[in-house]
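The structure appears right after this line, and notes come after that.
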Amino acid sequence: MTSAFIVHIEAVKRMIASRLAFRTDLLLSAATMAINESLVVIFTIIIYTASEGFPGWSLPAALLLQGTFILVHGIGGTGFMGVIWNTVRKVEAGELDLVLLQPRSTLQMLIATGFDTEDIGRALAGIATVTYATAQLGPFGAWAWIRYALLLLVGLAVLLSLGIICSGLAIRFVKTWRMYEVLDALYMLGEYPATLQQPTVRIVLSFAIPIITIAYLPASVLLQMTVPHIGWIIAATAVFTLLSYGFWHSSIKAYASAGG
Amino acid sequence: MNQKEGRSEQHSILPAVSVKNLKKTYLTHKRGEGLLQSLKSFVWREHLEIHALRGINFSIQAGEIIGFIGPNGAGKSTCLKILSGILHPTSGDVTVLGYVPWKSRISYVGHIGAVFGQKSQLWWDLPPIDSFRLMKSIYSIPDAQYEKNLREMVRLLEVPEVIHRPTRSLSLGERMKCEFINAMLHNPAVVFLDEPTIGLDVFAKETIREFILRWNRLRGTTFILTTHDLQDIETLAQRIIVIDHGRIVFDNSLSALKARLGGGKHVRIRCKRPIITPRSRAVTIKNLISREEKEFIVDTQRLGIGEFIKLIGRGNQILDMSIEEPPIQEIIKKVYKRA
């Protein structure tokens, strides 16, 4: 376990060092990502003030929801969502063989070497938005923050599972770049209050693909809103994570490598 | 006695690699040419079974250097991918160092190494030394072993400064030398080499070949080499396995292959006057350079080289003569043609 952690850190250090070799690119990418996400927040404010907003959600509460979404997206994008492009690129180039030759978990190596410094900008934008929103809404007690942090981890687990599923699909079907766009569209649904969705969609987003855990669940709990069946939603997340892991393992067993 | 000791004791008794009736069949789809056929294939695909390996058998002893050769699409890479644990076979038994490669991948691959001439394991934007340190963590190499192996390989491959320069700025030869270090820091017992000298200049090729031979002598490492560069085979391989259409068509030493298919020695002769060709079924003219200079092929199984010299010396005044083995390319071509 310790050894796996060390390998992960060593690989991440090399990913950062690789990006540091091109300073301008790194700074521009991170800044672009931060500005991009800040624009989303600005648009939310414009839409919110020019319309009826989200029923039951004040502007700072809506910003907390979106800030949480951006934060989870930023942490996931930096830490593990690079597994998707890393897998697609390696499968296309026939380089997954090289990862399979290493005496480590292939999934872990794909995650570690997919570490993406660009998304740090997004995570920082998320922290800024959450800080601003909670300053307007607060103060919150320590227990509220602990529950918020724990639910952020649940949201990250769902995001990781989606990344693992896309990685498995890349191993099975090779060219799956569009899958990332489908995934993007899917988890954009997590950017808005689940109460706005149709009941059937809400059930799907709660129990089948628990997208609502990404932002709606932690934000609602911090705001002390009632979320029905929260225990079942977390259980569904655990099942979803296990299924994604199982799918990935069945995909790597079916891996056919490239000719040569 | 610990587990590692137990395994190495087994190595001296059992072959390092044992392959029995290994078969691999791929399912792929057939696609015609042109847009219409592409559209048809988009809707309905005709599936094809490709028999990459059709029940092959061989074994390799620890410390051997094996040349694994064959034309493109013969099944070499498929076989090596199964041996290295990347692919699962359709059927058959394989053990390498006592492991079934695809069943216990993580514990198994810690004992093997691989160098691919056309794929890099080094981090492109970082100096090779950074990749080596990552390998140290991945393989949990003890500090002392890492330092010793690194020092020794850097010396043998003559790359003391190179390892501190970004990989992307290295020449192909320098990069390949570093690929070797990267793949062998953990003291693998078996190393798979897939075209390790492809595209290299003669000096780099020589250094790498010398390195393989020395490492094999010093450490007893088993090397399994696939290549289209037959000079690699001549210099390195103690034994060659020729595979074609998924079957092994030859498995023996290069000298045995030459004896079987060499078709005799190549003798080039220059005389003072036009050469009178000896009348013998064992002698054929390969090359008519001039009336005074010819290259013959002498079937040494029918006519000894000494007898040939006596025969040709009777009617000719020889000025110069050279006797050579047939070029390996020609022998290998014969093997492929026969298959």
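Starting from 1 in every chain, residues are counted up; chains themselves are A, B, ... following the order of the structure tokens, and ligands are numbered from 1 as listed.
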For chain B versus chain A, which residues have an atom no more than 10 Å away, and what is each residue's nearest atom pair and distance in Å rounded to one decimal, using only C-alpha atoms, chain-then-number order, as JSON lines?
{"residue": "B:Tyr26", "atom": "CA", "partner": "A:Ala256", "partner_atom": "CA", "distance": 8.3}
{"residue": "B:Leu27", "atom": "CA", "partner": "A:Ala256", "partner_atom": "CA", "distance": 9.8}
{"residue": "B:Asn72", "atom": "CA", "partner": "A:Gly260", "partner_atom": "CA", "distance": 7.8}
{"residue": "B:Gly73", "atom": "CA", "partner": "A:Gly260", "partner_atom": "CA", "distance": 7.3}
{"residue": "B:Ala74", "atom": "CA", "partner": "A:Gly260", "partner_atom": "CA", "distance": 9.7}
{"residue": "B:Gly75", "atom": "CA", "partner": "A:Gly260", "partner_atom": "CA", "distance": 8.7}
{"residue": "B:Lys76", "atom": "CA", "partner": "A:Gly260", "partner_atom": "CA", "distance": 8.4}
{"residue": "B:Ser77", "atom": "CA", "partner": "A:Gly260", "partner_atom": "CA", "distance": 5.8}
{"residue": "B:Thr78", "atom": "CA", "partner": "A:Gly260", "partner_atom": "CA", "distance": 7.8}
{"residue": "B:Lys81", "atom": "CA", "partner": "A:Asp97", "partner_atom": "CA", "distance": 8.3}
{"residue": "B:Ser84", "atom": "CA", "partner": "A:Leu101", "partner_atom": "CA", "distance": 7.3}
{"residue": "B:Gly85", "atom": "CA", "partner": "A:Leu101", "partner_atom": "CA", "distance": 7.5}
{"residue": "B:Ile86", "atom": "CA", "partner": "A:Leu100", "partner_atom": "CA", "distance": 6.2}
{"residue": "B:Leu87", "atom": "CA", "partner": "A:Ala256", "partner_atom": "CA", "distance": 6.7}
{"residue": "B:His88", "atom": "CA", "partner": "A:Lys253", "partner_atom": "CA", "distance": 7.9}
{"residue": "B:Trp102", "atom": "CA", "partner": "A:Lys253", "partner_atom": "CA", "distance": 9.4}
{"residue": "B:Arg105", "atom": "CA", "partner": "A:Pro103", "partner_atom": "CA", "distance": 7.3}
{"residue": "B:Ile106", "atom": "CA", "partner": "A:Pro103", "partner_atom": "CA", "distance": 4.4}
{"residue": "B:Ser107", "atom": "CA", "partner": "A:Pro103", "partner_atom": "CA", "distance": 6.4}
{"residue": "B:Tyr108", "atom": "CA", "partner": "A:Pro103", "partner_atom": "CA", "distance": 7.5}
{"residue": "B:Val109", "atom": "CA", "partner": "A:Pro103", "partner_atom": "CA", "distance": 5.5}
{"residue": "B:Gly110", "atom": "CA", "partner": "A:Pro103", "partner_atom": "CA", "distance": 5.3}
{"residue": "B:His111", "atom": "CA", "partner": "A:Pro103", "partner_atom": "CA", "distance": 8.9}
{"residue": "B:Ile112", "atom": "CA", "partner": "A:Leu101", "partner_atom": "CA", "distance": 8.3}
{"residue": "B:Gly113", "atom": "CA", "partner": "A:Leu101", "partner_atom": "CA", "distance": 7.8}
{"residue": "B:Ala114", "atom": "CA", "partner": "A:Leu101", "partner_atom": "CA", "distance": 7.8}
{"residue": "B:Val115", "atom": "CA", "partner": "A:Leu98", "partner_atom": "CA", "distance": 9.5}
{"residue": "B:Phe116", "atom": "CA", "partner": "A:Leu98", "partner_atom": "CA", "distance": 9.1}
{"residue": "B:Lys119", "atom": "CA", "partner": "A:Glu95", "partner_atom": "CA", "distance": 7.2}
{"residue": "B:Ser120", "atom": "CA", "partner": "A:Leu98", "partner_atom": "CA", "distance": 8.5}
{"residue": "B:Gln121", "atom": "CA", "partner": "A:Leu98", "partner_atom": "CA", "distance": 6.9}
{"residue": "B:Trp123", "atom": "CA", "partner": "A:Ser18", "partner_atom": "CA", "distance": 8.0}
{"residue": "B:Trp124", "atom": "CA", "partner": "A:Ser18", "partner_atom": "CA", "distance": 8.1}
{"residue": "B:Asp125", "atom": "CA", "partner": "A:Ser18", "partner_atom": "CA", "distance": 5.4}
{"residue": "B:Leu126", "atom": "CA", "partner": "A:Ser18", "partner_atom": "CA", "distance": 6.2}
{"residue": "B:Pro127", "atom": "CA", "partner": "A:Ser18", "partner_atom": "CA", "distance": 9.9}
{"residue": "B:Asp130", "atom": "CA", "partner": "A:Arg14", "partner_atom": "CA", "distance": 7.5}
{"residue": "B:Ser131", "atom": "CA", "partner": "A:Arg14", "partner_atom": "CA", "distance": 8.3}
{"residue": "B:Arg133", "atom": "CA", "partner": "A:Glu10", "partner_atom": "CA", "distance": 8.5}
{"residue": "B:Leu134", "atom": "CA", "partner": "A:Glu10", "partner_atom": "CA", "distance": 6.2}
{"residue": "B:Met135", "atom": "CA", "partner": "A:Gln102", "partner_atom": "CA", "distance": 8.9}
{"residue": "B:Lys136", "atom": "CA", "partner": "A:Val7", "partner_atom": "CA", "distance": 9.1}
{"residue": "B:Ser137", "atom": "CA", "partner": "A:Val7", "partner_atom": "CA", "distance": 5.6}
{"residue": "B:Ile138", "atom": "CA", "partner": "A:Val7", "partner_atom": "CA", "distance": 5.8}
{"residue": "B:Tyr139", "atom": "CA", "partner": "A:Pro103", "partner_atom": "CA", "distance": 6.8}
{"residue": "B:Ser140", "atom": "CA", "partner": "A:Ser3", "partner_atom": "CA", "distance": 7.7}
{"residue": "B:Pro166", "atom": "CA", "partner": "A:Ala21", "partner_atom": "CA", "distance": 9.7}
{"residue": "B:Asp194", "atom": "CA", "partner": "A:Gly260", "partner_atom": "CA", "distance": 9.9}
Give me the residues near Val158 in chain A as a list in words, where near means some atom within 7 Å (using only C-alpha atoms) and where sequence neighbours in that chain fewer than 6 positions away do not count. Pro210, Ile211, Thr237 and Thr241 of chain A
Can you write out the residues you just picked, keeping N, CA and C atoms, as a short mmCIF file (atom, residue, chain, number, x, y, z; two decimals), in the first residue's frame?
data_model
loop_
_atom_site.label_atom_id
_atom_site.label_comp_id
_atom_site.auth_asym_id
_atom_site.auth_seq_id
_atom_site.Cartn_x
_atom_site.Cartn_y
_atom_site.Cartn_z
N PRO A 210 -25.21 8.21 -10.15
CA PRO A 210 -25.47 9.21 -9.09
C PRO A 210 -24.73 10.54 -9.25
N ILE A 211 -25.09 11.23 -10.34
CA ILE A 211 -24.48 12.52 -10.66
C ILE A 211 -24.78 13.56 -9.57
N THR A 237 -23.99 4.94 -4.86
CA THR A 237 -22.67 5.41 -5.32
C THR A 237 -21.63 4.31 -5.14
N THR A 241 -19.51 2.61 -8.11
CA THR A 241 -18.03 2.60 -8.12
C THR A 241 -17.52 1.17 -8.33
#
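Take the candidates B:Leu303, B:Phe250, B:Gly92, B:Leu35 and check each one against Gly67 in chain B using only C-alpha atoms; the shortest distance goes to B:Phe250.
The environment of Leu14 in chain B within 9 Å, counting only C-alpha atoms and disregarding residues fewer than 4 places along the same chain, consists of Gln10, Ser18, Gln61, Ala62, Leu97 and Gly98 of chain B.
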Include N, CA and C atoms and write out the residues we just selected as an mmCIF file, in the first residue's frame.
data_model
loop_
_atom_site.group_PDB
_atom_site.id
_atom_site.type_symbol
_atom_site.label_atom_id
_atom_site.label_comp_id
_atom_site.auth_asym_id
_atom_site.auth_seq_id
_atom_site.Cartn_x
_atom_site.Cartn_y
_atom_site.Cartn_z
ATOM 1 N N GLN B 10 14.992 -23.483 -8.722
ATOM 2 C CA GLN B 10 14.178 -24.139 -9.725
ATOM 3 C C GLN B 10 14.677 -23.803 -11.124
ATOM 4 N N SER B 18 8.980 -22.243 -21.204
ATOM 5 C CA SER B 18 8.460 -23.487 -21.756
ATOM 6 C C SER B 18 7.112 -23.203 -22.425
ATOM 7 N N GLN B 61 16.450 -22.366 -22.319
ATOM 8 C CA GLN B 61 17.169 -22.527 -21.053
ATOM 9 C C GLN B 61 17.607 -21.170 -20.513
ATOM 10 N N ALA B 62 17.754 -21.091 -19.215
ATOM 11 C CA ALA B 62 18.217 -19.842 -18.596
ATOM 12 C C ALA B 62 19.597 -19.496 -19.154
ATOM 13 N N LEU B 97 9.925 -18.614 -16.123
ATOM 14 C CA LEU B 97 10.495 -18.533 -14.761
ATOM 15 C C LEU B 97 9.535 -19.135 -13.730
ATOM 16 N N GLY B 98 8.783 -20.134 -14.158
ATOM 17 C CA GLY B 98 7.854 -20.804 -13.247
ATOM 18 C C GLY B 98 6.489 -20.122 -13.144
#
Just want the 12 Å neighbourhood of Ile234 in chain A, counted on only C-alpha atoms, with same-chain residues fewer than 5 positions away dropped. Output as a PyMOL selection string. chain A and resi 150-155+157-158+206-214+217-218+227-229+239-241
Let's see if you can do this: from backbone DSSP, list all alpha helix (DSSP H) residues in range 113-227 of chain A, as a ChimeraX atom specification. /A:120-137,142-173,177-188,199-203,216-222
Only C-alpha atoms, please: the residues just picked out, written as a CSV table (one decimal), in the first residue's frame.
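Result saved to selection30.csv:
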chain,number,residue,atom,x,y,z
A,120,ILE,CA,-5.5,23.2,-11.0
A,121,GLY,CA,-6.9,26.5,-12.3
A,122,ARG,CA,-10.4,25.1,-12.3
A,123,ALA,CA,-10.0,23.8,-8.7
A,124,LEU,CA,-8.8,27.2,-7.6
A,125,ALA,CA,-11.9,28.9,-9.3
A,126,GLY,CA,-14.1,26.4,-7.4
A,127,ILE,CA,-12.4,27.2,-4.0
A,128,ALA,CA,-12.8,30.9,-4.7
A,129,THR,CA,-16.5,30.5,-5.6
A,130,VAL,CA,-17.3,28.3,-2.6
A,131,THR,CA,-15.4,30.7,-0.3
A,132,TYR,CA,-17.4,33.7,-1.6
A,133,ALA,CA,-20.7,31.9,-1.4
A,134,THR,CA,-20.2,30.5,2.1
A,135,ALA,CA,-19.1,34.0,3.3
A,136,GLN,CA,-22.5,35.2,2.2
A,137,LEU,CA,-24.4,32.2,3.6
A,142,ALA,CA,-17.3,22.4,12.1
A,143,TRP,CA,-19.7,19.4,11.8
A,144,ALA,CA,-21.4,21.0,8.7
A,145,TRP,CA,-18.0,21.4,7.1
A,146,ILE,CA,-17.0,17.8,7.9
A,147,ARG,CA,-20.2,16.5,6.3
A,148,TYR,CA,-19.6,18.7,3.3
A,149,ALA,CA,-16.1,17.4,2.9
A,150,LEU,CA,-17.2,13.8,3.2
A,151,LEU,CA,-19.9,14.3,0.6
A,152,LEU,CA,-17.3,15.9,-1.7
A,153,LEU,CA,-15.4,12.6,-1.5
A,154,VAL,CA,-18.6,10.8,-2.5
A,155,GLY,CA,-18.9,13.1,-5.4
A,156,LEU,CA,-15.3,12.5,-6.4
A,157,ALA,CA,-15.9,8.8,-6.2
A,158,VAL,CA,-18.7,9.2,-8.8
A,159,LEU,CA,-16.5,11.3,-11.0
A,160,LEU,CA,-13.7,8.7,-10.7
A,161,SER,CA,-16.1,5.9,-11.6
A,162,LEU,CA,-17.2,7.8,-14.8
A,163,GLY,CA,-13.5,8.2,-15.7
A,164,ILE,CA,-12.9,4.5,-15.1
A,165,ILE,CA,-15.8,3.5,-17.3
A,166,CYS,CA,-14.6,5.8,-20.1
A,167,SER,CA,-11.1,4.3,-19.8
A,168,GLY,CA,-12.6,0.8,-20.0
A,169,LEU,CA,-14.6,1.8,-23.1
A,170,ALA,CA,-11.3,3.2,-24.7
A,171,ILE,CA,-9.6,-0.2,-24.1
A,172,ARG,CA,-12.6,-2.0,-25.7
A,173,PHE,CA,-13.4,0.2,-28.6
A,177,TRP,CA,-12.9,10.7,-28.0
A,178,ARG,CA,-16.6,11.6,-28.3
A,179,MET,CA,-17.2,9.7,-25.2
A,180,TYR,CA,-15.6,12.5,-23.2
A,181,GLU,CA,-18.1,15.0,-24.7
A,182,VAL,CA,-21.0,12.6,-23.8
A,183,LEU,CA,-19.6,12.4,-20.3
A,184,ASP,CA,-19.3,16.2,-20.1
A,185,ALA,CA,-22.9,16.6,-21.1
A,186,LEU,CA,-23.9,14.0,-18.5
A,187,TYR,CA,-22.2,15.5,-15.6
A,188,MET,CA,-23.3,19.1,-16.5
A,199,PRO,CA,-38.8,12.9,-11.2
A,200,THR,CA,-37.7,10.1,-13.5
A,201,VAL,CA,-34.5,12.0,-14.4
A,202,ARG,CA,-33.9,12.7,-10.7
A,203,ILE,CA,-34.2,9.0,-9.8
A,216,TYR,CA,-26.1,19.0,-5.2
A,217,LEU,CA,-25.7,16.6,-2.3
A,218,PRO,CA,-22.7,18.3,-0.5
A,219,ALA,CA,-24.2,21.8,-1.1
A,220,SER,CA,-27.7,20.8,0.1
A,221,VAL,CA,-26.2,19.2,3.3
A,222,LEU,CA,-24.1,22.3,4.0
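Our summary of the geometry notes that CA of Arg260 in chain B is positioned 10.5 Å from CA of Lys334 in chain B.
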Looking only at the backbone, which of the residues in range 143-276 of chain B does DSSP tag as strand (DSSP E or B), as a PDB file with N, CA and C atoms, in the first residue's frame?
ATOM      1  N   VAL B 190      14.755 -12.529 -17.525  1.00  0.00           N
ATOM      2  CA  VAL B 190      14.475 -12.712 -18.950  1.00  0.00           C
ATOM      3  C   VAL B 190      14.179 -11.337 -19.544  1.00  0.00           C
ATOM      4  N   VAL B 191      14.820 -11.042 -20.688  1.00  0.00           N
ATOM      5  CA  VAL B 191      14.580  -9.747 -21.331  1.00  0.00           C
ATOM      6  C   VAL B 191      14.096  -9.979 -22.766  1.00  0.00           C
ATOM      7  N   PHE B 192      12.988  -9.336 -23.105  1.00  0.00           N
ATOM      8  CA  PHE B 192      12.443  -9.415 -24.461  1.00  0.00           C
ATOM      9  C   PHE B 192      12.912  -8.185 -25.236  1.00  0.00           C
ATOM     10  N   LEU B 193      13.531  -8.416 -26.370  1.00  0.00           N
ATOM     11  CA  LEU B 193      14.025  -7.308 -27.188  1.00  0.00           C
ATOM     12  C   LEU B 193      13.295  -7.331 -28.524  1.00  0.00           C
ATOM     13  N   ASP B 194      12.540  -6.283 -28.801  1.00  0.00           N
ATOM     14  CA  ASP B 194      11.795  -6.230 -30.053  1.00  0.00           C
ATOM     15  C   ASP B 194      12.444  -5.190 -30.968  1.00  0.00           C
ATOM     16  N   THR B 222      18.684 -14.159 -19.701  1.00  0.00           N
ATOM     17  CA  THR B 222      18.168 -14.767 -20.927  1.00  0.00           C
ATOM     18  C   THR B 222      17.622 -13.642 -21.813  1.00  0.00           C
ATOM     19  N   PHE B 223      18.048 -13.618 -23.069  1.00  0.00           N
ATOM     20  CA  PHE B 223      17.533 -12.604 -23.991  1.00  0.00           C
ATOM     21  C   PHE B 223      16.738 -13.286 -25.107  1.00  0.00           C
ATOM     22  N   ILE B 224      15.554 -12.758 -25.367  1.00  0.00           N
ATOM     23  CA  ILE B 224      14.753 -13.256 -26.495  1.00  0.00           C
ATOM     24  C   ILE B 224      14.591 -12.079 -27.449  1.00  0.00           C
ATOM     25  N   LEU B 225      15.165 -12.243 -28.611  1.00  0.00           N
ATOM     26  CA  LEU B 225      15.332 -11.117 -29.525  1.00  0.00           C
ATOM     27  C   LEU B 225      14.537 -11.319 -30.803  1.00  0.00           C
ATOM     28  N   THR B 226      13.674 -10.362 -31.149  1.00  0.00           N
ATOM     29  CA  THR B 226      13.052 -10.405 -32.481  1.00  0.00           C
ATOM     30  C   THR B 226      13.652  -9.270 -33.275  1.00  0.00           C
ATOM     31  N   ARG B 239      20.993 -19.464 -30.737  1.00  0.00           N
ATOM     32  CA  ARG B 239      19.994 -20.372 -31.322  1.00  0.00           C
ATOM     33  C   ARG B 239      18.934 -19.510 -31.990  1.00  0.00           C
ATOM     34  N   ILE B 240      18.397 -20.000 -33.112  1.00  0.00           N
ATOM     35  CA  ILE B 240      17.318 -19.207 -33.712  1.00  0.00           C
ATOM     36  C   ILE B 240      16.045 -20.036 -33.848  1.00  0.00           C
ATOM     37  N   ILE B 241      14.946 -19.348 -33.632  1.00  0.00           N
ATOM     38  CA  ILE B 241      13.632 -19.966 -33.833  1.00  0.00           C
ATOM     39  C   ILE B 241      12.984 -19.179 -34.963  1.00  0.00           C
ATOM     40  N   VAL B 242      12.670 -19.884 -36.050  1.00  0.00           N
ATOM     41  CA  VAL B 242      12.027 -19.204 -37.178  1.00  0.00           C
ATOM     42  C   VAL B 242      10.549 -19.549 -37.148  1.00  0.00           C
ATOM     43  N   ILE B 243       9.724 -18.514 -37.169  1.00  0.00           N
ATOM     44  CA  ILE B 243       8.279 -18.736 -37.117  1.00  0.00           C
ATOM     45  C   ILE B 243       7.671 -18.170 -38.392  1.00  0.00           C
ATOM     46  N   ASP B 244       6.716 -18.894 -38.950  1.00  0.00           N
ATOM     47  CA  ASP B 244       6.026 -18.401 -40.141  1.00  0.00           C
ATOM     48  C   ASP B 244       4.612 -18.940 -40.166  1.00  0.00           C
ATOM     49  N   ARG B 247       3.529 -21.034 -37.268  1.00  0.00           N
ATOM     50  CA  ARG B 247       4.169 -22.328 -36.973  1.00  0.00           C
ATOM     51  C   ARG B 247       5.676 -22.145 -36.894  1.00  0.00           C
ATOM     52  N   ILE B 248       6.304 -22.981 -36.071  1.00  0.00           N
ATOM     53  CA  ILE B 248       7.766 -22.915 -36.013  1.00  0.00           C
ATOM     54  C   ILE B 248       8.323 -23.767 -37.151  1.00  0.00           C
ATOM     55  N   VAL B 249       9.142 -23.119 -38.013  1.00  0.00           N
ATOM     56  CA  VAL B 249       9.661 -23.858 -39.160  1.00  0.00           C
ATOM     57  C   VAL B 249      11.131 -24.224 -38.988  1.00  0.00           C
ATOM     58  N   PHE B 250      11.762 -23.653 -37.963  1.00  0.00           N
ATOM     59  CA  PHE B 250      13.150 -24.025 -37.677  1.00  0.00           C
ATOM     60  C   PHE B 250      13.476 -23.653 -36.241  1.00  0.00           C
ATOM     61  N   ASP B 251      14.200 -24.544 -35.563  1.00  0.00           N
ATOM     62  CA  ASP B 251      14.608 -24.262 -34.188  1.00  0.00           C
ATOM     63  C   ASP B 251      15.942 -24.954 -33.936  1.00  0.00           C
ATOM     64  N   ASN B 252      17.016 -24.217 -34.134  1.00  0.00           N
ATOM     65  CA  ASN B 252      18.359 -24.785 -33.926  1.00  0.00           C
ATOM     66  C   ASN B 252      19.383 -23.652 -34.009  1.00  0.00           C
ATOM     67  N   LYS B 265      29.526 -23.026 -50.072  1.00  0.00           N
ATOM     68  CA  LYS B 265      30.345 -21.830 -49.841  1.00  0.00           C
ATOM     69  C   LYS B 265      30.397 -20.972 -51.104  1.00  0.00           C
ATOM     70  N   HIS B 266      30.608 -19.680 -50.881  1.00  0.00           N
ATOM     71  CA  HIS B 266      30.762 -18.758 -52.013  1.00  0.00           C
ATOM     72  C   HIS B 266      32.257 -18.567 -52.254  1.00  0.00           C
ATOM     73  N   VAL B 267      32.731 -18.944 -53.424  1.00  0.00           N
ATOM     74  CA  VAL B 267      34.168 -18.839 -53.719  1.00  0.00           C
ATOM     75  C   VAL B 267      34.370 -17.869 -54.882  1.00  0.00           C
ATOM     76  N   ARG B 268      35.179 -16.849 -54.635  1.00  0.00           N
ATOM     77  CA  ARG B 268      35.449 -15.860 -55.681  1.00  0.00           C
ATOM     78  C   ARG B 268      36.902 -16.048 -56.140  1.00  0.00           C
ATOM     79  N   ILE B 269      37.071 -16.168 -57.444  1.00  0.00           N
ATOM     80  CA  ILE B 269      38.410 -16.467 -57.981  1.00  0.00           C
ATOM     81  C   ILE B 269      38.774 -15.481 -59.087  1.00  0.00           C
ATOM     82  N   ARG B 270      40.045 -15.038 -59.052  1.00  0.00           N
ATOM     83  CA  ARG B 270      40.573 -14.186 -60.144  1.00  0.00           C
ATOM     84  C   ARG B 270      41.798 -14.892 -60.718  1.00  0.00           C
ATOM     85  N   CYS B 271      41.818 -15.038 -62.052  1.00  0.00           N
ATOM     86  CA  CYS B 271      42.924 -15.744 -62.702  1.00  0.00           C
ATOM     87  C   CYS B 271      43.630 -14.827 -63.702  1.00  0.00           C
TER      88      CYS B 271
END
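Every protein, DNA or RNA residue with an atom at most 12 Å from Phe43 in chain A, where only C-alpha atoms count and chain neighbours fewer than 6 positions away do not, is listed here: Asn36, Glu37, Thr49, Ala50, Ser51, Gly53, Ala62, Leu63 and Gln66 of chain A.
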